[in-house]
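A.B. asks: Contents of data_19.csv (CSV, C-alpha atoms and all ligand atoms) are below:
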```
chain,number,residue,atom,x,y,z
A,1030,MET,CA,55.7,8.1,-54.9
A,1031,THR,CA,53.8,10.6,-52.6
A,1032,GLN,CA,54.4,14.3,-52.9
A,1033,PHE,CA,56.0,14.1,-49.5
A,1034,LYS,CA,58.5,11.4,-50.6
A,1035,SER,CA,59.4,13.4,-53.7
A,1036,LEU,CA,60.0,16.4,-51.5
A,1037,ILE,CA,62.4,14.4,-49.2
A,1038,GLU,CA,64.2,13.1,-52.4
A,1039,LYS,CA,64.5,16.7,-53.7
A,1040,ALA,CA,65.9,17.8,-50.3
A,1041,ASN,CA,68.4,14.9,-50.3
A,1042,LYS,CA,69.6,16.0,-53.8
A,1043,GLN,CA,69.9,19.6,-52.7
A,1044,LEU,CA,72.0,18.4,-49.7
A,1045,ASN,CA,74.2,16.3,-51.9
A,1046,ASN,CA,74.7,19.2,-54.2
A,1047,LYS,CA,75.6,21.4,-51.2
A,1048,LEU,CA,72.9,23.9,-51.8
A,1049,PRO,CA,70.9,25.7,-49.1
A,1050,PHE,CA,67.4,24.7,-48.1
A,1051,THR,CA,64.9,24.4,-45.3
A,1052,LEU,CA,61.8,22.3,-44.8
A,1053,PHE,CA,59.4,23.0,-41.9
A,1054,ASN,CA,56.1,22.1,-40.5
A,1055,LEU,CA,54.1,24.8,-38.6
A,1056,PRO,CA,52.5,23.5,-35.4
A,1057,ASP,CA,49.5,21.2,-36.3
A,1058,SER,CA,49.7,22.0,-40.0
A,1059,PRO,CA,48.9,19.5,-42.7
A,1060,THR,CA,51.6,20.8,-45.0
A,1061,ILE,CA,55.4,21.0,-45.1
A,1062,LYS,CA,56.7,24.3,-46.5
A,1063,SER,CA,60.2,24.4,-48.1
A,1064,TYR,CA,62.7,26.9,-49.5
A,1065,PHE,CA,65.3,25.6,-52.0
A,1066,GLN,CA,67.9,28.3,-52.7
A,1067,LEU,CA,69.1,28.2,-56.3
A,1068,ASN,CA,72.8,29.1,-55.5
A,1069,ASP,CA,75.1,28.8,-52.4
A,1070,THR,CA,75.3,32.5,-51.6
A,1071,LEU,CA,75.3,33.3,-47.9
A,1072,LEU,CA,73.0,36.2,-47.6
A,1073,PRO,CA,72.5,38.1,-44.4
A,1074,THR,CA,69.2,39.9,-43.7
A,1075,ALA,CA,69.7,43.7,-43.9
A,1076,ASP,CA,66.9,44.7,-41.6
A,1077,PHE,CA,64.2,42.0,-41.5
A,1078,SER,CA,62.2,43.9,-44.2
A,1079,GLU,CA,62.8,41.3,-46.9
A,1080,ASP,CA,60.5,38.4,-47.8
A,1081,GLY,CA,61.9,35.0,-47.0
A,1082,PHE,CA,63.1,32.6,-44.3
A,1083,VAL,CA,65.5,33.8,-41.6
A,1084,PHE,CA,67.8,31.8,-39.3
A,1085,ALA,CA,69.1,34.0,-36.5
A,1086,PRO,CA,71.8,33.2,-33.9
A,1087,PHE,CA,71.5,33.8,-30.1
A,1088,ASN,CA,73.8,36.8,-30.5
A,1089,LEU,CA,72.0,39.2,-32.9
A,1090,GLU,CA,75.3,40.9,-33.6
A,1091,ASP,CA,76.3,37.8,-35.5
A,1092,THR,CA,74.8,37.2,-38.9
A,1093,THR,CA,71.2,36.4,-39.4
A,1094,ILE,CA,70.9,34.3,-42.6
A,1095,LEU,CA,68.2,34.9,-45.1
A,1096,PHE,CA,66.8,32.6,-47.7
A,1097,LYS,CA,65.3,35.3,-49.9
A,1098,THR,CA,62.1,34.2,-51.6
A,1099,GLU,CA,63.2,35.6,-55.0
A,1100,HIS,CA,66.4,33.4,-54.9
A,1101,CYS,CA,64.5,30.3,-53.9
A,1102,GLU,CA,62.0,27.7,-55.1
A,1103,VAL,CA,59.3,27.8,-52.5
A,1104,LEU,CA,56.9,24.9,-52.1
A,1105,GLU,CA,54.1,23.8,-49.9
A,1106,THR,CA,53.5,20.0,-49.8
A,1107,PRO,CA,50.7,18.0,-48.2
A,1108,PHE,CA,51.8,15.8,-45.3
A,1109,SER,CA,49.9,13.4,-43.2
A,1110,PHE,CA,50.9,12.0,-39.9
A,1111,SER,CA,51.2,8.3,-40.0
A,1112,GLN,CA,48.9,6.4,-37.7
A,1113,SER,CA,51.2,3.4,-37.8
A,1114,PHE,CA,54.3,5.4,-36.7
A,1115,SER,CA,55.5,3.8,-33.4
A,1116,LYS,CA,56.9,6.2,-30.9
A,1117,ALA,CA,60.0,4.8,-29.3
A,1118,SER,CA,59.4,4.5,-25.6
A,1119,ASP,CA,63.0,3.6,-24.7
A,1120,VAL,CA,64.9,6.8,-24.9
A,1121,ARG,CA,68.6,6.7,-24.7
A,1122,THR,CA,69.7,8.7,-21.8
A,1123,LEU,CA,73.4,9.7,-22.0
A,1124,GLU,CA,75.2,9.4,-18.7
A,1125,ASP,CA,78.1,11.7,-18.5
A,1126,ASN,CA,79.5,12.4,-15.0
A,1127,LYS,CA,82.0,15.0,-16.2
A,1128,ALA,CA,79.2,17.0,-17.9
A,1129,LYS,CA,77.0,16.5,-14.8
A,1130,GLY,CA,79.7,17.9,-12.5
A,1131,ALA,CA,80.4,20.8,-14.8
A,1132,HIS,CA,76.7,21.8,-15.1
A,1133,ILE,CA,76.0,21.5,-11.4
A,1134,LYS,CA,79.0,23.8,-10.7
A,1135,LEU,CA,77.8,26.3,-13.3
A,1136,VAL,CA,74.3,26.4,-11.8
A,1137,SER,CA,75.6,26.6,-8.2
A,1138,GLU,CA,77.8,29.6,-9.0
A,1139,ALA,CA,74.9,31.3,-10.8
A,1140,VAL,CA,72.6,30.7,-7.8
A,1141,GLU,CA,75.2,32.4,-5.5
A,1142,THR,CA,75.6,35.3,-8.0
A,1143,ILE,CA,71.8,35.8,-8.2
A,1144,LYS,CA,71.6,35.9,-4.4
A,1145,GLN,CA,74.3,38.6,-4.2
A,1146,THR,CA,73.7,40.8,-7.2
A,1147,ASP,CA,70.9,42.4,-9.3
A,1148,LEU,CA,70.8,39.4,-11.6
A,1149,SER,CA,67.4,37.6,-10.9
A,1150,LYS,CA,67.3,35.0,-13.6
A,1151,VAL,CA,69.8,33.5,-16.0
A,1152,VAL,CA,69.3,30.7,-18.5
A,1153,LEU,CA,72.3,28.3,-18.6
A,1154,SER,CA,72.8,25.7,-21.1
A,1155,ARG,CA,75.2,23.0,-22.3
A,1156,PRO,CA,75.9,21.0,-25.5
A,1157,ILE,CA,75.6,17.2,-25.5
A,1158,ARG,CA,77.7,15.4,-28.2
A,1159,CYS,CA,76.4,12.1,-29.6
A,1160,SER,CA,76.2,10.2,-32.8
A,1161,THR,CA,73.6,8.8,-35.2
A,1162,GLU,CA,73.5,6.4,-38.1
A,1163,LYS,CA,70.4,8.1,-39.5
A,1164,SER,CA,70.6,10.6,-42.3
A,1165,ALA,CA,69.5,14.2,-41.6
A,1166,LEU,CA,66.3,13.8,-43.7
A,1167,VAL,CA,65.3,10.6,-41.9
A,1168,LEU,CA,65.8,12.4,-38.6
A,1169,PHE,CA,63.5,15.2,-39.9
A,1170,GLU,CA,60.8,12.6,-40.8
A,1171,GLU,CA,61.1,11.2,-37.3
A,1172,LEU,CA,60.7,14.6,-35.7
A,1173,LEU,CA,57.7,15.3,-37.9
A,1174,GLN,CA,56.0,12.2,-36.7
A,1175,LEU,CA,57.0,12.6,-33.0
A,1176,TYR,CA,56.0,16.2,-32.5
A,1177,PRO,CA,53.0,17.3,-34.6
A,1178,SER,CA,52.3,20.3,-32.3
A,1179,ALA,CA,55.9,21.7,-32.5
A,1180,PHE,CA,57.5,23.9,-35.1
A,1181,THR,CA,59.7,21.1,-36.7
A,1182,TYR,CA,62.4,22.0,-39.2
A,1183,ILE,CA,65.6,21.0,-41.0
A,1184,TRP,CA,67.8,23.9,-42.2
A,1185,TYR,CA,71.0,23.6,-44.2
A,1186,HIS,CA,73.6,26.0,-45.6
A,1187,PRO,CA,76.9,24.5,-46.9
A,1188,LYS,CA,78.8,27.5,-45.4
A,1189,VAL,CA,77.1,27.3,-42.0
A,1190,GLY,CA,76.0,23.8,-41.2
A,1191,LEU,CA,72.9,21.6,-40.7
A,1192,TRP,CA,70.4,22.1,-37.9
A,1193,LEU,CA,67.2,20.2,-36.9
A,1194,GLY,CA,64.7,20.9,-34.2
A,1195,ALA,CA,61.2,20.6,-32.8
A,1196,THR,CA,60.5,23.7,-30.8
A,1197,PRO,CA,57.5,24.5,-28.6
A,1198,GLU,CA,58.1,28.2,-28.4
A,1199,THR,CA,56.8,31.0,-30.7
A,1200,LEU,CA,59.0,34.1,-30.6
A,1201,PHE,CA,56.7,36.4,-32.6
A,1202,GLN,CA,53.9,36.0,-35.2
A,1203,LEU,CA,52.4,38.8,-37.2
A,1204,ASN,CA,49.5,38.7,-39.6
A,1205,GLY,CA,48.9,42.1,-41.1
A,1206,GLN,CA,49.0,44.3,-37.9
A,1207,HIS,CA,47.8,41.5,-35.5
A,1208,PHE,CA,50.6,40.0,-33.4
A,1209,LYS,CA,50.8,36.9,-31.2
A,1210,THR,CA,53.5,35.7,-28.9
A,1211,VAL,CA,53.9,33.5,-25.8
A,1212,ALA,CA,55.8,33.6,-22.6
A,1213,LEU,CA,57.0,30.0,-22.1
A,1214,ALA,CA,59.1,28.9,-19.2
A,1215,GLY,CA,59.1,26.6,-16.1
A,1216,THR,CA,59.6,22.9,-16.7
A,1217,LYS,CA,58.2,19.8,-15.0
A,1218,THR,CA,58.6,16.2,-16.1
A,1219,ASP,CA,56.1,14.6,-13.7
A,1220,ASP,CA,52.8,14.2,-15.5
A,1221,LYS,CA,50.9,13.2,-12.4
A,1222,LEU,CA,51.1,16.5,-10.7
A,1223,LEU,CA,49.7,18.5,-13.6
A,1224,GLU,CA,48.7,21.7,-11.9
A,1225,ASP,CA,51.1,21.5,-9.0
A,1226,TRP,CA,53.8,24.1,-9.9
A,1227,GLY,CA,56.3,25.4,-7.4
A,1228,THR,CA,57.1,29.1,-6.8
A,1229,LYS,CA,60.4,28.8,-8.6
A,1230,GLU,CA,58.7,27.9,-11.9
A,1231,ILE,CA,55.8,30.4,-11.4
A,1232,ASP,CA,58.3,33.3,-10.7
A,1233,GLU,CA,60.6,32.3,-13.5
A,1234,GLN,CA,57.7,32.3,-16.0
A,1235,GLU,CA,56.2,35.5,-14.7
A,1236,ILE,CA,59.5,37.3,-15.4
A,1237,VAL,CA,59.1,36.2,-19.0
A,1238,THR,CA,55.5,37.5,-19.3
A,1239,THR,CA,56.3,40.9,-17.7
A,1240,THR,CA,59.4,41.4,-19.8
A,1241,ILE,CA,57.7,40.5,-23.1
A,1242,LYS,CA,54.9,42.8,-22.3
A,1243,LYS,CA,57.3,45.6,-21.6
A,1244,ALA,CA,59.3,44.9,-24.8
A,1245,LEU,CA,56.2,45.1,-27.0
A,1246,SER,CA,54.4,48.0,-25.3
A,1247,PRO,CA,56.1,50.8,-27.2
A,1248,TYR,CA,55.1,49.2,-30.5
A,1249,ALA,CA,51.6,48.0,-29.6
A,1250,ARG,CA,48.2,49.8,-30.0
A,1251,SER,CA,46.7,47.1,-27.7
A,1252,ILE,CA,47.9,44.1,-25.9
A,1253,SER,CA,46.0,41.4,-24.1
A,1254,ILE,CA,47.4,38.7,-21.8
A,1255,SER,CA,45.9,35.3,-21.1
A,1256,GLU,CA,45.8,33.3,-17.9
A,1257,VAL,CA,48.8,31.1,-17.3
A,1258,GLU,CA,48.3,27.5,-18.6
A,1259,THR,CA,50.2,24.2,-18.5
A,1260,VAL,CA,51.3,22.9,-21.9
A,1261,LYS,CA,52.9,19.7,-23.0
A,1262,ALA,CA,56.0,19.7,-25.2
A,1263,GLY,CA,57.2,16.1,-26.0
A,1264,ASN,CA,57.6,14.5,-22.6
A,1265,ILE,CA,57.8,17.7,-20.6
A,1266,LEU,CA,55.4,20.3,-19.3
A,1267,HIS,CA,55.8,24.1,-19.3
A,1268,LEU,CA,53.9,27.1,-18.1
A,1269,LYS,CA,52.6,29.4,-20.9
A,1270,THR,CA,50.9,32.7,-21.2
A,1271,ASN,CA,49.6,33.9,-24.6
A,1272,LEU,CA,50.0,37.6,-25.5
A,1273,GLU,CA,48.3,39.2,-28.5
A,1274,GLY,CA,47.3,42.6,-29.9
A,1275,PHE,CA,47.7,45.1,-32.7
A,1276,LEU,CA,50.8,47.0,-33.7
A,1277,LYS,CA,51.0,50.7,-34.2
A,1278,PRO,CA,51.2,51.6,-37.9
A,1279,ASN,CA,54.6,51.6,-39.5
A,1280,THR,CA,56.3,49.6,-36.8
A,1281,LYS,CA,59.4,47.9,-38.1
A,1282,LEU,CA,59.9,44.2,-37.5
A,1283,SER,CA,63.6,44.8,-36.8
A,1284,ALA,CA,62.6,47.1,-33.9
A,1285,ILE,CA,60.4,44.5,-32.4
A,1286,LEU,CA,62.9,41.8,-32.7
A,1287,SER,CA,65.7,43.7,-31.1
A,1288,SER,CA,63.4,44.7,-28.2
A,1289,LEU,CA,62.1,41.1,-27.8
A,1290,HIS,CA,65.1,38.9,-28.4
A,1291,PRO,CA,66.6,37.3,-26.4
A,1292,THR,CA,63.6,36.9,-24.0
A,1293,PRO,CA,64.2,35.8,-20.4
A,1294,ALA,CA,63.1,32.4,-21.5
A,1295,VAL,CA,66.5,31.9,-23.2
A,1296,CYS,CA,68.7,34.6,-21.6
A,1297,GLY,CA,67.5,36.0,-18.3
A,1298,TYR,CA,66.7,39.2,-16.4
A,1299,PRO,CA,67.9,41.9,-16.5
A,1300,LYS,CA,68.8,41.1,-20.1
A,1301,ASP,CA,72.2,42.9,-20.2
A,1302,LEU,CA,73.4,41.3,-16.9
A,1303,ALA,CA,72.2,37.8,-17.9
A,1304,TYR,CA,73.7,38.1,-21.4
A,1305,SER,CA,77.1,39.0,-20.1
A,1306,TYR,CA,76.9,36.3,-17.5
A,1307,ILE,CA,76.1,33.7,-20.2
A,1308,THR,CA,78.9,34.9,-22.5
A,1309,GLU,CA,81.4,34.8,-19.7
A,1310,LYS,CA,80.4,31.5,-17.9
A,1311,GLU,CA,79.1,29.1,-20.6
A,1312,SER,CA,82.1,27.4,-22.0
A,1313,TYR,CA,80.9,27.0,-25.5
A,1314,ASP,CA,79.3,29.0,-28.4
A,1315,ARG,CA,75.5,28.7,-28.5
A,1316,SER,CA,75.6,29.6,-32.2
A,1317,PHE,CA,72.0,29.2,-33.4
A,1318,TYR,CA,70.6,27.5,-30.3
A,1319,THR,CA,68.2,30.0,-28.5
A,1320,GLY,CA,68.3,32.1,-31.7
A,1321,PHE,CA,65.1,32.2,-33.8
A,1322,LEU,CA,63.9,31.1,-37.2
A,1323,GLY,CA,61.0,31.2,-39.6
A,1324,GLU,CA,59.3,33.1,-42.4
A,1325,ILE,CA,59.2,36.9,-42.5
A,1326,ASN,CA,56.9,39.1,-44.6
A,1327,SER,CA,55.6,36.2,-46.6
A,1328,GLY,CA,52.7,36.5,-48.9
A,1329,ASP,CA,50.4,33.8,-50.1
A,1330,ILE,CA,52.6,31.7,-52.4
A,1331,ASN,CA,49.7,30.4,-54.4
A,1332,LYS,CA,48.3,33.8,-55.3
A,1333,ASN,CA,49.3,35.8,-58.3
A,1334,ASN,CA,50.6,39.0,-57.0
A,1335,THR,CA,48.8,41.4,-59.2
A,1336,GLU,CA,46.8,43.0,-56.4
A,1337,ASN,CA,47.7,46.4,-55.1
A,1338,LEU,CA,50.8,46.6,-53.0
A,1339,ALA,CA,49.2,48.3,-49.9
A,1340,TYR,CA,46.6,45.6,-49.7
A,1341,ARG,CA,49.2,42.9,-50.1
A,1342,LYS,CA,51.3,44.4,-47.3
A,1343,GLN,CA,48.4,44.3,-44.9
A,1344,ARG,CA,48.2,40.6,-45.3
A,1345,LEU,CA,51.9,39.7,-45.0
A,1346,SER,CA,52.7,37.2,-42.4
A,1347,THR,CA,55.7,36.5,-40.1
A,1348,LYS,CA,56.0,33.4,-38.0
A,1349,LEU,CA,59.1,33.2,-35.9
A,1350,PHE,CA,60.1,30.5,-33.4
A,1351,VAL,CA,62.7,30.2,-30.8
A,1352,ASN,CA,65.4,27.6,-31.7
A,1353,LEU,CA,65.0,25.2,-28.7
A,1354,ARG,CA,65.0,21.4,-28.6
A,1355,CYS,CA,67.4,21.4,-31.5
A,1356,LEU,CA,70.6,19.9,-32.7
A,1357,SER,CA,73.4,20.5,-35.2
A,1358,MET,CA,74.9,17.8,-37.3
A,1359,LEU,CA,78.4,17.7,-38.8
A,1360,ASN,CA,78.9,14.4,-40.7
A,1361,ASP,CA,77.5,11.9,-38.2
A,1362,THR,CA,78.5,13.9,-35.1
A,1363,VAL,CA,75.5,15.4,-33.5
A,1364,THR,CA,75.3,18.1,-30.9
A,1365,ILE,CA,72.1,18.5,-28.9
A,1366,TYR,CA,71.6,21.9,-27.0
A,1367,VAL,CA,69.7,22.1,-23.8
A,1368,GLY,CA,69.3,24.7,-21.0
A,1369,GLY,CA,67.1,25.9,-18.2
A,1370,GLY,CA,66.2,29.1,-16.3
A,1371,ILE,CA,68.1,29.5,-13.0
A,1372,THR,CA,66.8,31.6,-10.2
A,1373,ALA,CA,67.8,32.0,-6.5
A,1374,GLU,CA,65.6,29.0,-5.7
A,1375,SER,CA,67.2,26.6,-8.2
A,1376,ASN,CA,68.4,23.2,-7.1
A,1377,PRO,CA,71.6,22.5,-9.2
A,1378,GLU,CA,71.1,18.7,-9.3
A,1379,LEU,CA,67.4,19.1,-10.4
A,1380,GLU,CA,68.5,21.7,-13.0
A,1381,PHE,CA,70.9,19.1,-14.4
A,1382,ILE,CA,68.2,16.5,-14.6
A,1383,GLU,CA,66.0,19.0,-16.4
A,1384,THR,CA,68.5,19.4,-19.1
A,1385,VAL,CA,68.7,15.6,-19.4
A,1386,ARG,CA,64.9,15.4,-19.8
A,1387,LYS,CA,65.0,18.2,-22.4
A,1388,SER,CA,67.7,16.3,-24.4
A,1389,GLU,CA,65.3,13.4,-24.7
A,1390,THR,CA,63.1,15.3,-27.2
A,1391,MET,CA,65.9,15.0,-29.7
A,1392,LEU,CA,67.4,11.7,-28.5
A,1393,ARG,CA,64.1,10.0,-29.1
A,1394,ALA,CA,64.6,10.7,-32.9
A,1395,LEU,CA,68.2,9.7,-33.2
B,1,LIG,C1,66.2,27.0,-22.7
B,1,LIG,C2,65.3,26.0,-22.9
B,1,LIG,O1,64.0,26.1,-22.5
B,1,LIG,C3,63.4,27.3,-22.2
B,1,LIG,C4,62.0,27.2,-22.6
B,1,LIG,C5,61.0,26.6,-21.7
B,1,LIG,C6,61.4,26.3,-20.4
B,1,LIG,C7,62.5,26.7,-19.9
B,1,LIG,C8,62.9,26.4,-18.4
B,1,LIG,O2,62.1,25.8,-17.7
B,1,LIG,O3,64.0,26.7,-18.0
B,1,LIG,C9,63.5,27.5,-20.6
B,1,LIG,O4,63.2,28.8,-20.3
B,1,LIG,C10,65.7,24.7,-23.5
B,1,LIG,O5,64.9,23.9,-23.8
B,1,LIG,O6,66.9,24.6,-23.8
```
Starting from the file, lay out its structure as structure tokens.
C.D. replies:
Amino acid sequence: MTQFKSLIEKANKQLNNKLPFTLFNLPDSPTIKSYFQLNDTLLPTADFSEDGFVFAPFNLEDTTILFKTEHCEVLETPFSFSQSFSKASDVRTLEDNKAKGAHIKLVSEAVETIKQTDLSKVVLSRPIRCSTEKSALVLFEELLQLYPSAFTYIWYHPKVGLWLGATPETLFQLNGQHFKTVALAGTKTDDKLLEDWGTKEIDEQEIVTTTIKKALSPYARSISISEVETVKAGNILHLKTNLEGFLKPNTKLSAILSSLHPTPAVCGYPKDLAYSYITEKESYDRSFYTGFLGEINSGDINKNNTENLAYRKQRLSTKLFVNLRCLSMLNDTVTIYVGGGITAESNPELEFIETVRKSETMLRAL
């Protein structure tokens, strides 16, 4: 049996024993990293200063769950993408006229509000319920094969639930003092017109870049911003700007995260107005969708930690991703979460179609 197959077997056992775990593949990485918690305690992060894996909800006032390294078995397992894996070309698209009507109404009302108030962008989303006969770990394997350039994960806690995803969006990465992030927004599903973006998408993505720059500025010694580029995520295209720089000494990760999250890629602008609008108008709880997840303050797991603490601290790394293109699973009921940025120029029918296209990222694996 390959190391990868034994890892999947170990995760299946952990799931059957109702013990928390996560398995994840960083974008384009040849390994799967995993955390297997040794008991079923539900531990919140105190202030993001711990060493472990965090799973944060959209609403940061709700609990962010921590798999603390010292309570876990942490593994890194080689994984190779299978050349023979055949990507399903026939994606099930779920037709649901009731959901369509409701989303179009939600978006139309938001467009009117944006035209009449100080709100300039709001990200509106919806849950899509479906089913699968595949087990959670089989789904994870499918996602790994389908989306090698995404951050692909499975996360489980018996007191919270089971989530899977393949997200294209970095929230924040830190290596020593060097940070990286992206402004990702704007969606197109037509491959043929690769560079032909409309003003709606260009404006919507620019809001994200400007806001992220502003959020990081108080904590950054330097910050550089790339040109906007078109990137592919599954079957869809986005606009992306890379931002990177160096943090001021003694900057706390918690301060950065509360300034950054939720970005206008998942909430809107201005943040407070968009946040209240979402809470009032979306008729469901986003829970962990549009939250974030990943390792914080992690050292090199293969090293013995005898080196001096200050030196080790300089090399700690944090890699957080926005929880998009994801689903939650309860028995064999699956909920896929999808949304999109709404501005004054949004066309409600097209915004609905955009959510359908985004749902295909997960549907392709089911
Ligand atoms: C909110 C989602 O996507 C965000 C990320 C990229 C593009 C987006 C957009 O074009 O609206 C959204 O801001 C989602 O996939 O559910």
A.B. asks: Taking only C-alpha atoms and all ligand atoms into account, which of A:Leu1095, A:Ala1085, A:Val1367, A:Met1391 comes nearest ligand LIG 1 (chain B)?
C.D. replies: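 With only C-alpha atoms and all ligand atoms as the atom set, the closest residue is A:Val1367.
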A.B. asks: Taking only residues of chain A that have an atom at most 9 Å from an atom of ligand LIG 1 (chain B), what is each one's shortest atom pair and its distance in Å to one decimal, using only C-alpha atoms and all ligand atoms, in chain and number order, as a Markdown table?
C.D. replies:
```
| residue | atom | partner | partner_atom | distance |
| --- | --- | --- | --- | --- |
| A:Val1152 | CA | B:LIG1 | C1 | 6.4 |
| A:Leu1153 | CA | B:LIG1 | C1 | 7.5 |
| A:Ser1154 | CA | B:LIG1 | O6 | 6.6 |
| A:Arg1155 | CA | B:LIG1 | O6 | 8.6 |
| A:Thr1196 | CA | B:LIG1 | O5 | 8.3 |
| A:Pro1197 | CA | B:LIG1 | C4 | 8.0 |
| A:Glu1198 | CA | B:LIG1 | C4 | 7.1 |
| A:Ala1212 | CA | B:LIG1 | C5 | 8.8 |
| A:Leu1213 | CA | B:LIG1 | C5 | 5.3 |
| A:Ala1214 | CA | B:LIG1 | C6 | 3.7 |
| A:Gly1215 | CA | B:LIG1 | O2 | 3.5 |
| A:Thr1216 | CA | B:LIG1 | O2 | 4.0 |
| A:Lys1217 | CA | B:LIG1 | O2 | 7.6 |
| A:Glu1230 | CA | B:LIG1 | O2 | 7.0 |
| A:Glu1233 | CA | B:LIG1 | O2 | 7.9 |
| A:Gln1234 | CA | B:LIG1 | O4 | 7.8 |
| A:Val1237 | CA | B:LIG1 | O4 | 8.6 |
| A:Leu1266 | CA | B:LIG1 | C6 | 8.6 |
| A:His1267 | CA | B:LIG1 | C6 | 6.1 |
| A:Leu1268 | CA | B:LIG1 | C6 | 7.9 |
| A:Lys1269 | CA | B:LIG1 | C5 | 8.9 |
| A:Thr1292 | CA | B:LIG1 | O4 | 8.9 |
| A:Pro1293 | CA | B:LIG1 | O4 | 7.1 |
| A:Ala1294 | CA | B:LIG1 | O4 | 3.8 |
| A:Val1295 | CA | B:LIG1 | C1 | 4.9 |
| A:Cys1296 | CA | B:LIG1 | C1 | 8.1 |
| A:Gly1297 | CA | B:LIG1 | O4 | 8.6 |
| A:Tyr1318 | CA | B:LIG1 | O6 | 8.0 |
| A:Thr1319 | CA | B:LIG1 | C1 | 6.8 |
| A:Val1351 | CA | B:LIG1 | C4 | 8.8 |
| A:Asn1352 | CA | B:LIG1 | O6 | 8.6 |
| A:Leu1353 | CA | B:LIG1 | O5 | 5.1 |
| A:Arg1354 | CA | B:LIG1 | O5 | 5.4 |
| A:Cys1355 | CA | B:LIG1 | O6 | 8.4 |
| A:Tyr1366 | CA | B:LIG1 | O6 | 6.3 |
| A:Val1367 | CA | B:LIG1 | O6 | 3.8 |
| A:Gly1368 | CA | B:LIG1 | O6 | 3.7 |
| A:Gly1369 | CA | B:LIG1 | O3 | 3.2 |
| A:Gly1370 | CA | B:LIG1 | O3 | 3.7 |
| A:Ile1371 | CA | B:LIG1 | O3 | 7.0 |
| A:Glu1380 | CA | B:LIG1 | O3 | 8.4 |
| A:Glu1383 | CA | B:LIG1 | O2 | 7.9 |
| A:Thr1384 | CA | B:LIG1 | O6 | 7.2 |
| A:Lys1387 | CA | B:LIG1 | O5 | 5.9 |
| A:Ser1388 | CA | B:LIG1 | O5 | 8.1 |
```
A.B. asks: So how far away is CA of Glu1311 in chain A from CA of Thr1228 in chain A, in Å?
C.D. replies: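 Result for CA of Thr1228 in chain A versus CA of Glu1311 in chain A: 26.0 Å, one decimal.
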A.B. asks: Each residue of range 1123-1180 of chain A with at least one atom at most 12 Å from range 1301-1305 of chain A should appear once, together with its nearest atom pair and the corresponding distance in Å (one decimal); atoms considered: only C-alpha atoms; ordering: chain, then increasing residue number; output as CSV.
C.D. replies:
```
residue,atom,partner,partner_atom,distance
A:Ala1139,CA,A:Ala1303,CA,10.0
A:Thr1142,CA,A:Ala1303,CA,10.8
A:Ile1143,CA,A:Ala1303,CA,9.9
A:Thr1146,CA,A:Leu1302,CA,9.7
A:Asp1147,CA,A:Leu1302,CA,8.1
A:Leu1148,CA,A:Leu1302,CA,6.2
A:Ser1149,CA,A:Ala1303,CA,8.5
A:Lys1150,CA,A:Ala1303,CA,7.1
A:Val1151,CA,A:Ala1303,CA,5.3
A:Val1152,CA,A:Ala1303,CA,7.7
A:Leu1153,CA,A:Ala1303,CA,9.5
```
A.B. asks: I'd like the interatomic distance between CA of Glu1258 in chain A and CA of Ile1241 in chain A, to a tenth of an Å.
C.D. replies: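 Computed distance, CA of Glu1258 in chain A to CA of Ile1241 in chain A, equals 16.7 Å.
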A.B. asks: Applying 8 Å and only C-alpha atoms, which residues near Leu1175 in chain A remain after dropping the ones on its own chain fewer than 3 positions away? List them as a PyMOL selection string.
C.D. replies: chain A and resi 1116+1171-1172+1263+1394
A.B. asks: When you draw a straight line from CA of Lys1277 in chain A to CA of Pro1247 in chain A, how long is it in Å?
C.D. replies: 8.7 Å
A.B. asks: A:Thr1092, A:Ile1133, A:Asn1045, A:Asn1326: which is nearest Ile1382 in chain A, counting only C-alpha atoms?
C.D. replies: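 Closest to Ile1382 in chain A of all the choices is A:Ile1133.
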A.B. asks: What's the 12 Å shell around Leu1245 in chain A, counting all atoms listed in the file, without same-chain residues fewer than 3 positions away, as JSON, numbers by chain?
C.D. replies: {"A": [1200, 1201, 1208, 1209, 1210, 1211, 1238, 1239, 1240, 1241, 1242, 1248, 1249, 1250, 1251, 1252, 1253, 1272, 1273, 1274, 1275, 1276, 1277, 1280, 1281, 1282, 1284, 1285, 1286, 1287, 1288, 1289, 1290, 1292]}
A.B. asks: Identify which of the residues A:Pro1177, A:Gly1130, A:Pro1086, A:Pro1377 lies closest to Asp1057 in chain A, counting only C-alpha atoms when measuring atom-to-atom distances.
C.D. replies: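 Nearest candidate to Asp1057 in chain A out of A:Pro1177, A:Gly1130, A:Pro1086, A:Pro1377: A:Pro1177.
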A.B. asks: Which one of A:Leu1168, A:Ile1157, A:Ala1179, A:Ile1325 sits closest to Phe1096 in chain A if you count all atoms listed in the file?
C.D. replies: A:Ile1325
A.B. asks: I'd like the neighbourhood of Ile1037 in chain A as a ChimeraX atom specification, where a residue qualifies if any of its atoms comes within 9 Å (using all atoms listed in the file), though same-chain residues fewer than 3 positions away should be ignored.
C.D. replies: /A:1032-1034,1040-1042,1166-1167,1170
A.B. asks: Counting all atoms listed in the file, which residue out of A:Ala1165, A:Ile1094, A:Ala1373, A:Leu1052 sits closest to Glu1079 in chain A?
C.D. replies: A:Ile1094
A.B. asks: Please determine, counting all atoms listed in the file, which residue among A:Lys1062, A:Lys1188, A:Arg1158, A:Lys1163 has the shortest atom-to-atom distance to Pro1049 in chain A.
C.D. replies: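 Of A:Lys1062, A:Lys1188, A:Arg1158, A:Lys1163, the one nearest Pro1049 in chain A, counting all atoms listed in the file, is A:Lys1188.
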A.B. asks: Which residues are near Arg1386 in chain A? Cut-off 8 Å, only C-alpha atoms, ignore same chain within fewer than 5 positions. Put them as number ranges by chain.
C.D. replies: A: 1218, 1264-1265
